[in-house]
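Raw start-v3.pdb, PDB, C-alpha atoms:
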ATOM      1  CA  MET A   1      48.528 109.749 188.001
ATOM      2  CA  GLY A   2      51.164 111.140 190.419
ATOM      3  CA  ILE A   3      54.823 110.181 190.346
ATOM      4  CA  LYS A   4      56.298 108.909 193.572
ATOM      5  CA  ARG A   5      59.465 110.694 194.663
ATOM      6  CA  LEU A   6      62.329 108.450 195.593
ATOM      7  CA  SER A   7      63.574 108.991 199.123
ATOM      8  CA  THR A   8      67.217 110.114 199.410
ATOM      9  CA  LYS A   9      67.516 108.975 203.027
ATOM     10  CA  GLN A  10      69.746 105.987 203.648
ATOM     11  CA  SER A  11      68.496 103.085 205.647
ATOM     12  CA  PRO A  12      70.224 102.344 208.972
ATOM     13  CA  GLN A  13      71.633  99.154 207.464
ATOM     14  CA  SER A  14      73.431 100.985 204.621
ATOM     15  CA  ARG A  15      74.692 103.922 206.689
ATOM     16  CA  ARG A  16      78.458 103.951 207.316
ATOM     17  CA  PRO A  17      79.597 103.900 210.959
ATOM     18  CA  PRO A  18      81.128 107.130 212.305
ATOM     19  CA  GLN A  19      84.911 107.424 212.436
ATOM     20  CA  VAL A  20      86.183 106.453 215.892
ATOM     21  CA  LYS A  21      89.965 106.370 215.580
ATOM     22  CA  SER A  22      91.938 109.313 214.206
ATOM     23  CA  SER A  23      95.121 109.110 212.178
ATOM     24  CA  LYS A  24      98.424 110.611 213.297
ATOM     25  CA  SER A  25      98.219 113.307 210.634
ATOM     26  CA  GLN A  26      94.914 114.430 212.131
ATOM     27  CA  ILE A  27      96.477 114.742 215.596
ATOM     28  CA  GLN A  28     100.116 115.813 215.261
ATOM     29  CA  VAL A  29     101.336 119.063 213.720
ATOM     30  CA  LYS A  30     104.711 120.835 213.544
ATOM     31  CA  SER A  31     105.163 124.461 214.581
ATOM     32  CA  HIS A  32     108.577 126.104 214.347
ATOM     33  CA  LYS A  33     108.105 129.856 214.085
ATOM     34  CA  ILE A  34     107.638 131.747 217.340
ATOM     35  CA  PRO A  35     104.836 134.356 217.028
ATOM     36  CA  VAL A  36     105.810 137.989 217.526
ATOM     37  CA  ILE A  37     104.838 139.160 221.020
ATOM     38  CA  ARG A  38     103.352 142.664 221.191
ATOM     39  CA  PHE A  39     102.044 144.253 224.368
ATOM     40  CA  GLU A  40      98.889 145.852 223.044
ATOM     41  CA  ASP A  41      95.348 146.413 224.245
ATOM     42  CA  GLN A  42      93.743 143.315 222.825
ATOM     43  CA  GLN A  43      92.097 140.086 223.898
ATOM     44  CA  LEU A  44      94.594 137.273 224.429
ATOM     45  CA  THR A  45      94.254 133.667 225.423
ATOM     46  CA  SER A  46      94.719 133.077 229.134
ATOM     47  CA  PHE A  47      97.792 130.957 228.383
ATOM     48  CA  SER A  48      99.638 133.312 226.003
ATOM     49  CA  GLY A  49     102.649 133.227 228.350
ATOM     50  CA  LEU A  50     103.345 129.686 227.153
ATOM     51  CA  LEU A  51     105.001 131.208 224.057
ATOM     52  CA  ILE A  52     108.086 131.727 226.228
ATOM     53  CA  PHE A  53     108.078 128.043 227.165
ATOM     54  CA  GLN A  54     107.756 127.093 223.502
ATOM     55  CA  GLN A  55     111.121 128.704 222.863
ATOM     56  CA  LEU A  56     112.597 127.085 225.997
ATOM     57  CA  PHE A  57     111.330 123.609 225.125
ATOM     58  CA  ARG A  58     112.782 123.928 221.648
ATOM     59  CA  ARG A  59     116.147 125.087 222.959
ATOM     60  CA  ILE A  60     116.502 122.146 225.351
ATOM     61  CA  GLU A  61     114.891 119.742 222.816
ATOM     62  CA  LEU A  62     112.441 118.550 225.460
ATOM     63  CA  LYS A  63     110.028 116.742 223.152
ATOM     64  CA  LYS A  64     112.831 114.952 221.295
ATOM     65  CA  ARG A  65     114.505 113.864 224.530
ATOM     66  CA  LEU A  66     111.235 112.664 226.044
ATOM     67  CA  LYS A  67     110.499 110.665 222.897
ATOM     68  CA  LYS A  68     113.889 108.980 223.209
ATOM     69  CA  CYS A  69     112.927 107.794 226.718
ATOM     70  CA  PHE A  70     110.269 105.564 225.163
ATOM     71  CA  SER A  71     112.171 104.472 222.053
ATOM     72  CA  HIS A  72     112.200 100.890 223.375
ATOM     73  CA  LEU A  73     108.448 100.539 222.755
ATOM     74  CA  GLN A  74     107.543  98.645 219.597
ATOM     75  CA  VAL A  75     104.040 100.099 219.374
ATOM     76  CA  SER A  76     103.715 103.801 218.562
ATOM     77  CA  PRO A  77     100.236 105.067 219.558
ATOM     78  CA  ILE A  78      98.750 108.281 218.178
ATOM     79  CA  PHE A  79      99.306 109.995 221.512
ATOM     80  CA  GLY A  80     102.767 108.719 222.391
ATOM     81  CA  ARG A  81     104.016 108.363 225.941
ATOM     82  CA  HIS A  82     106.279 111.377 225.422
ATOM     83  CA  SER A  83     103.284 113.534 224.454
ATOM     84  CA  VAL A  84     101.430 112.495 227.612
ATOM     85  CA  VAL A  85     104.435 113.285 229.826
ATOM     86  CA  MET A  86     104.910 116.653 228.108
ATOM     87  CA  LEU A  87     101.217 117.439 228.544
ATOM     88  CA  LEU A  88     101.547 116.777 232.287
ATOM     89  CA  ILE A  89     104.473 119.224 232.421
ATOM     90  CA  VAL A  90     102.410 121.904 230.654
ATOM     91  CA  HIS A  91      99.447 121.033 232.881
ATOM     92  CA  LEU A  92     101.487 121.845 235.998
ATOM     93  CA  ILE A  93     103.066 124.962 234.497
ATOM     94  CA  ILE A  94      99.701 126.622 233.886
ATOM     95  CA  GLY A  95      98.568 125.806 237.423
ATOM     96  CA  PHE A  96      96.347 122.723 237.197
ATOM     97  CA  ARG A  97      96.604 119.534 239.251
ATOM     98  CA  ARG A  98      93.750 117.153 238.383
ATOM     99  CA  LEU A  99      93.603 115.334 235.050
ATOM    100  CA  ARG A 100      89.996 116.302 234.411
ATOM    101  CA  GLU A 101      91.075 119.962 234.367
ATOM    102  CA  VAL A 102      92.545 119.390 230.898
ATOM    103  CA  ASP A 103      89.073 120.312 229.622
ATOM    104  CA  TYR A 104      89.678 123.951 230.670
ATOM    105  CA  TYR A 105      92.278 124.469 227.934
ATOM    106  CA  ARG A 106      91.480 121.668 225.511
ATOM    107  CA  ASP A 107      90.839 124.018 222.577
ATOM    108  CA  ASP A 108      93.369 126.714 223.461
ATOM    109  CA  PRO A 109      95.491 127.457 220.342
ATOM    110  CA  ILE A 110      98.657 128.316 222.307
ATOM    111  CA  VAL A 111      98.599 125.038 224.236
ATOM    112  CA  LEU A 112      98.026 123.079 221.029
ATOM    113  CA  ARG A 113     100.879 124.945 219.357
ATOM    114  CA  LEU A 114     103.226 124.248 222.268
ATOM    115  CA  MET A 115     102.312 120.557 222.242
ATOM    116  CA  GLY A 116     102.556 120.257 218.457
ATOM    117  CA  LEU A 117      99.067 118.721 218.261
ATOM    118  CA  ARG A 118      95.820 119.510 216.492
ATOM    119  CA  ARG A 119      93.832 118.302 219.492
ATOM    120  CA  LEU A 120      94.621 117.087 222.982
ATOM    121  CA  PRO A 121      93.954 113.577 224.306
ATOM    122  CA  ASP A 122      90.914 113.161 226.519
ATOM    123  CA  VAL A 123      91.148 112.304 230.207
ATOM    124  CA  ALA A 124      90.531 108.596 229.600
ATOM    125  CA  THR A 125      93.410 108.422 227.106
ATOM    126  CA  ILE A 126      95.794 110.165 229.512
ATOM    127  CA  SER A 127      94.766 107.939 232.420
ATOM    128  CA  ARG A 128      95.142 104.799 230.322
ATOM    129  CA  ALA A 129      98.597 105.858 229.097
ATOM    130  CA  LEU A 130      99.766 106.509 232.650
ATOM    131  CA  SER A 131      98.449 103.160 233.887
ATOM    132  CA  GLN A 132     100.318 101.385 231.070
ATOM    133  CA  MET A 133     103.593 103.241 231.693
ATOM    134  CA  GLU A 134     106.268 100.581 232.129
ATOM    135  CA  SER A 135     109.112 100.814 234.643
ATOM    136  CA  GLU A 136     111.800 101.206 231.962
ATOM    137  CA  GLY A 137     110.139 104.284 230.527
ATOM    138  CA  VAL A 138     109.662 105.815 233.988
ATOM    139  CA  GLU A 139     113.309 105.214 234.859
ATOM    140  CA  ASN A 140     114.428 106.778 231.560
ATOM    141  CA  VAL A 141     112.395 109.907 232.327
ATOM    142  CA  ARG A 142     113.976 110.105 235.796
ATOM    143  CA  LYS A 143     117.447 109.850 234.256
ATOM    144  CA  LEU A 144     116.585 112.584 231.776
ATOM    145  CA  LEU A 145     115.365 114.961 234.486
ATOM    146  CA  ARG A 146     118.461 114.346 236.615
ATOM    147  CA  SER A 147     120.766 114.948 233.656
ATOM    148  CA  MET A 148     119.000 118.221 232.833
ATOM    149  CA  VAL A 149     119.488 119.440 236.411
ATOM    150  CA  ILE A 150     123.167 118.471 236.320
ATOM    151  CA  ASP A 151     123.605 120.291 232.984
ATOM    152  CA  GLY A 152     122.217 123.454 234.551
ATOM    153  CA  LEU A 153     124.439 123.122 237.616
ATOM    154  CA  GLN A 154     127.476 122.679 235.394
ATOM    155  CA  ARG A 155     126.719 126.033 233.770
ATOM    156  CA  GLU A 156     126.410 127.662 237.198
ATOM    157  CA  GLN A 157     129.782 126.252 238.360
ATOM    158  CA  LEU A 158     128.838 126.344 242.040
ATOM    159  CA  PRO A 159     131.781 125.541 244.342
ATOM    160  CA  ARG A 160     129.457 124.043 246.985
ATOM    161  CA  LEU A 161     126.182 122.184 246.553
ATOM    162  CA  THR A 162     123.600 121.459 249.260
ATOM    163  CA  MET A 163     121.132 118.632 248.697
ATOM    164  CA  ASP A 164     117.984 118.650 250.823
ATOM    165  CA  PHE A 165     116.189 115.385 251.629
ATOM    166  CA  ASP A 166     112.677 115.548 253.037
ATOM    167  CA  GLY A 167     109.403 113.630 252.821
ATOM    168  CA  SER A 168     106.004 115.129 252.005
ATOM    169  CA  VAL A 169     102.558 113.620 252.604
ATOM    170  CA  GLN A 170     100.422 113.556 249.436
ATOM    171  CA  SER A 171      96.791 112.782 250.270
ATOM    172  CA  THR A 172      94.538 110.930 247.831
ATOM    173  CA  LYS A 173      90.884 110.041 247.554
ATOM    174  CA  GLY A 174      89.620 106.490 247.302
ATOM    175  CA  HIS A 175      92.005 103.533 247.136
ATOM    176  CA  ALA A 176      94.653 104.676 244.677
ATOM    177  CA  GLU A 177      97.341 102.126 243.840
ATOM    178  CA  GLY A 178     100.339 102.286 246.184
ATOM    179  CA  THR A 179      98.634 104.367 248.874
ATOM    180  CA  ALA A 180      98.278 103.481 252.549
ATOM    181  CA  VAL A 181      96.888 104.994 255.741
ATOM    182  CA  GLY A 182      99.670 106.595 257.762
ATOM    183  CA  TYR A 183     100.643 109.855 259.381
ATOM    184  CA  ASN A 184      98.548 112.605 257.822
ATOM    185  CA  LYS A 185      98.379 115.824 259.797
ATOM    186  CA  SER A 186      95.839 117.620 257.580
ATOM    187  CA  LYS A 187      93.552 114.669 256.724
ATOM    188  CA  LYS A 188      93.675 112.051 259.453
ATOM    189  CA  GLY A 189      92.791 108.544 258.319
ATOM    190  CA  ALA A 190      93.083 109.392 254.612
ATOM    191  CA  ARG A 191      95.132 107.197 252.322
ATOM    192  CA  SER A 192      98.254 108.889 251.036
ATOM    193  CA  TYR A 193     101.703 108.651 249.490
ATOM    194  CA  TYR A 194     104.851 109.665 251.365
ATOM    195  CA  PRO A 195     107.518 110.338 248.712
ATOM    196  CA  LEU A 196     111.035 111.373 249.629
ATOM    197  CA  PHE A 197     112.263 114.403 247.673
ATOM    198  CA  CYS A 198     115.798 115.453 246.855
ATOM    199  CA  THR A 199     116.162 119.140 245.954
ATOM    200  CA  VAL A 200     119.092 121.462 245.319
ATOM    201  CA  ALA A 201     119.109 124.204 247.953
ATOM    202  CA  GLN A 202     121.094 126.798 245.954
ATOM    203  CA  THR A 203     118.808 126.726 242.902
ATOM    204  CA  GLY A 204     115.560 125.228 244.243
ATOM    205  CA  GLN A 205     115.631 122.549 241.542
ATOM    206  CA  PHE A 206     114.006 119.161 241.992
ATOM    207  CA  PHE A 207     116.645 116.456 241.526
ATOM    208  CA  ASP A 208     114.925 113.117 242.192
ATOM    209  CA  LEU A 209     112.122 111.379 244.071
ATOM    210  CA  LEU A 210     111.668 108.097 245.932
ATOM    211  CA  HIS A 211     108.064 106.932 245.627
ATOM    212  CA  ARG A 212     106.685 105.408 248.853
ATOM    213  CA  PRO A 213     103.292 104.549 250.412
ATOM    214  CA  GLY A 214     101.949 106.693 253.220
ATOM    215  CA  ASN A 215     102.568 104.265 256.093
ATOM    216  CA  VAL A 216     106.398 104.204 256.092
ATOM    217  CA  HIS A 217     108.935 105.942 258.322
ATOM    218  CA  ASP A 218     110.915 108.900 257.010
ATOM    219  CA  SER A 219     114.101 106.828 256.827
ATOM    220  CA  ASN A 220     112.499 103.959 254.865
ATOM    221  CA  GLY A 221     114.648 103.464 251.750
ATOM    222  CA  ALA A 222     116.331 106.810 252.377
ATOM    223  CA  ALA A 223     119.894 105.468 252.704
ATOM    224  CA  GLU A 224     120.013 103.869 249.247
ATOM    225  CA  PHE A 225     118.202 106.836 247.712
ATOM    226  CA  MET A 226     120.605 109.389 249.156
ATOM    227  CA  LEU A 227     123.617 107.365 248.075
ATOM    228  CA  SER A 228     122.233 107.158 244.518
ATOM    229  CA  CYS A 229     121.631 110.931 244.384
ATOM    230  CA  PHE A 230     125.142 111.738 245.606
ATOM    231  CA  GLU A 231     126.789 109.292 243.190
ATOM    232  CA  GLN A 232     124.967 110.660 240.162
ATOM    233  CA  ALA A 233     125.543 114.287 241.120
ATOM    234  CA  ARG A 234     129.225 113.684 241.873
ATOM    235  CA  ALA A 235     129.720 111.954 238.510
ATOM    236  CA  GLY A 236     128.597 115.088 236.657
ATOM    237  CA  LEU A 237     130.059 117.711 239.015
ATOM    238  CA  LYS A 238     133.652 116.705 239.604
ATOM    239  CA  ASN A 239     135.026 119.787 241.375
ATOM    240  CA  THR A 240     132.041 120.496 243.631
ATOM    241  CA  ILE A 241     131.885 120.105 247.411
ATOM    242  CA  PHE A 242     128.677 118.316 248.435
ATOM    243  CA  GLU A 243     126.733 118.682 251.652
ATOM    244  CA  SER A 244     123.249 117.632 252.735
ATOM    245  CA  ARG A 245     120.500 118.882 255.031
ATOM    246  CA  LEU A 246     118.397 116.312 256.885
ATOM    247  CA  ASP A 247     115.917 116.446 259.731
ATOM    248  CA  SER A 248     116.081 114.317 262.888
ATOM    249  CA  ALA A 249     114.177 111.424 261.272
ATOM    250  CA  PHE A 250     117.312 110.591 259.234
ATOM    251  CA  PHE A 251     119.547 110.479 262.316
ATOM    252  CA  ILE A 252     120.457 106.810 261.909
ATOM    253  CA  ARG A 253     123.697 104.846 261.578
ATOM    254  CA  MET A 254     123.181 104.167 257.870
ATOM    255  CA  SER A 255     122.958 107.891 257.079
ATOM    256  CA  PHE A 256     126.306 108.553 258.760
ATOM    257  CA  GLN A 257     127.891 105.676 256.858
ATOM    258  CA  ILE A 258     126.674 107.131 253.579
ATOM    259  CA  MET A 259     127.959 110.619 254.421
ATOM    260  CA  THR A 260     131.340 109.153 255.365
ATOM    261  CA  ALA A 261     131.533 107.107 252.162
ATOM    262  CA  THR A 262     130.704 110.086 249.913
ATOM    263  CA  THR A 263     133.231 112.498 251.435
TER     264      THR A 263
END

Please re-express this file's structure in structure tokens.
Amino acid sequence: MGIKRLSTKQSPQSRRPPQVKSSKSQIQVKSHKIPVIRFEDQQLTSFSGLLIFQQLFRRIELKKRLKKCFSHLQVSPIFGRHSVVMLLIVHLIIGFRRLREVDYYRDDPIVLRLMGLRRLPDVATISRALSQMESEGVENVRKLLRSMVIDGLQREQLPRLTMDFDGSVQSTKGHAEGTAVGYNKSKKGARSYYPLFCTVAQTGQFFDLLHRPGNVHDSNGAAEFMLSCFEQARAGLKNTIFESRLDSAFFIRMSFQIMTATT
């Protein structure tokens, strides 16, 4: 009489569900030591140049300062808002523009080391974090970026500073929030944004941005924005002479009043 072997397979009812959510210890990691850079004939990751930015980010305490911008949040997700913002900075540095292009370097060890993570968030997580970004956090990041530019200009000690104000059409696909159909020379009829940029002519640094839909005139909201930029720059650069460069679209009475008030 044969002996029946007991099956070791678990039934679907007794099988444990797979782990869906990861813990912070499985995601975040600290890296302090900068690897030694040697120019040898060997295979390197395509993003090995980010080692230089690792040292820069540590020197300016970028991650710590970004985290402070969102210290008002009571909930601390695994991928914090500061990590998402820092990932976008790295994303632009290495030459990508679309969120889905994160998959090209998802497993790159240098990117993970720079971010201080064991793995990167997926596109859905990044998109969700950006959609939930509250106005206070966005404003804190803007203040941080402006203060970092002013700190650099203080080290340069420029006697004269030229601030350029100009709009730029940013085309989008679909019906993205805040877009509108307006003047679009390259893609007529496409929905777009028309932000107003403030840049420093002497250094090429980006100082601030006024977010606008694509169907507004160049001067829309420009007066208040320019006044805010001059006030903040003047507060940090006491002994500097300020000047601005504008195109004909800003040739309005309000612009002259602002220039007169800031002189």

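In terms of minimum interatomic distance to His72 of chain A, A:Val138 ranks closest within A:Leu196, A:Met148, A:Val138, A:Leu56, counting all atoms listed in the file.
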
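The smallest atom-to-atom distance between Ser171 of chain A and any of A:Gln157, A:Gly152, A:Gly80, A:Ser192, using all atoms listed in the file, is found for A:Ser192.
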
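Here atom CA of Arg155 of chain A stands at a distance of 29.0 Å from atom CA of Glu136 of chain A.
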
| How many Å lie between atom CA of Asn140 of chain A and atom CA of Ile60 of chain A, rounded to one decimal? |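 Calculated distance between atom CA of Asn140 of chain A and atom CA of Ile60 of chain A is 16.7 Å.
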
| Residues picked by the PyMOL selection byres ((chain A and resi 177) around 12) here, as a ChimeraX atom specification? | /A:131,172-176,178-180,191-193,211-214

Around segment 157-176 of chain A, fit a box with edges along x, y and z, padding it by 4 Å on each side, then list its centre and edge lengths in Å to one decimal as JSON.
{"center_x": 110.7, "center_y": 114.9, "center_z": 245.7, "size_x": 50.2, "size_y": 30.8, "size_z": 22.7}
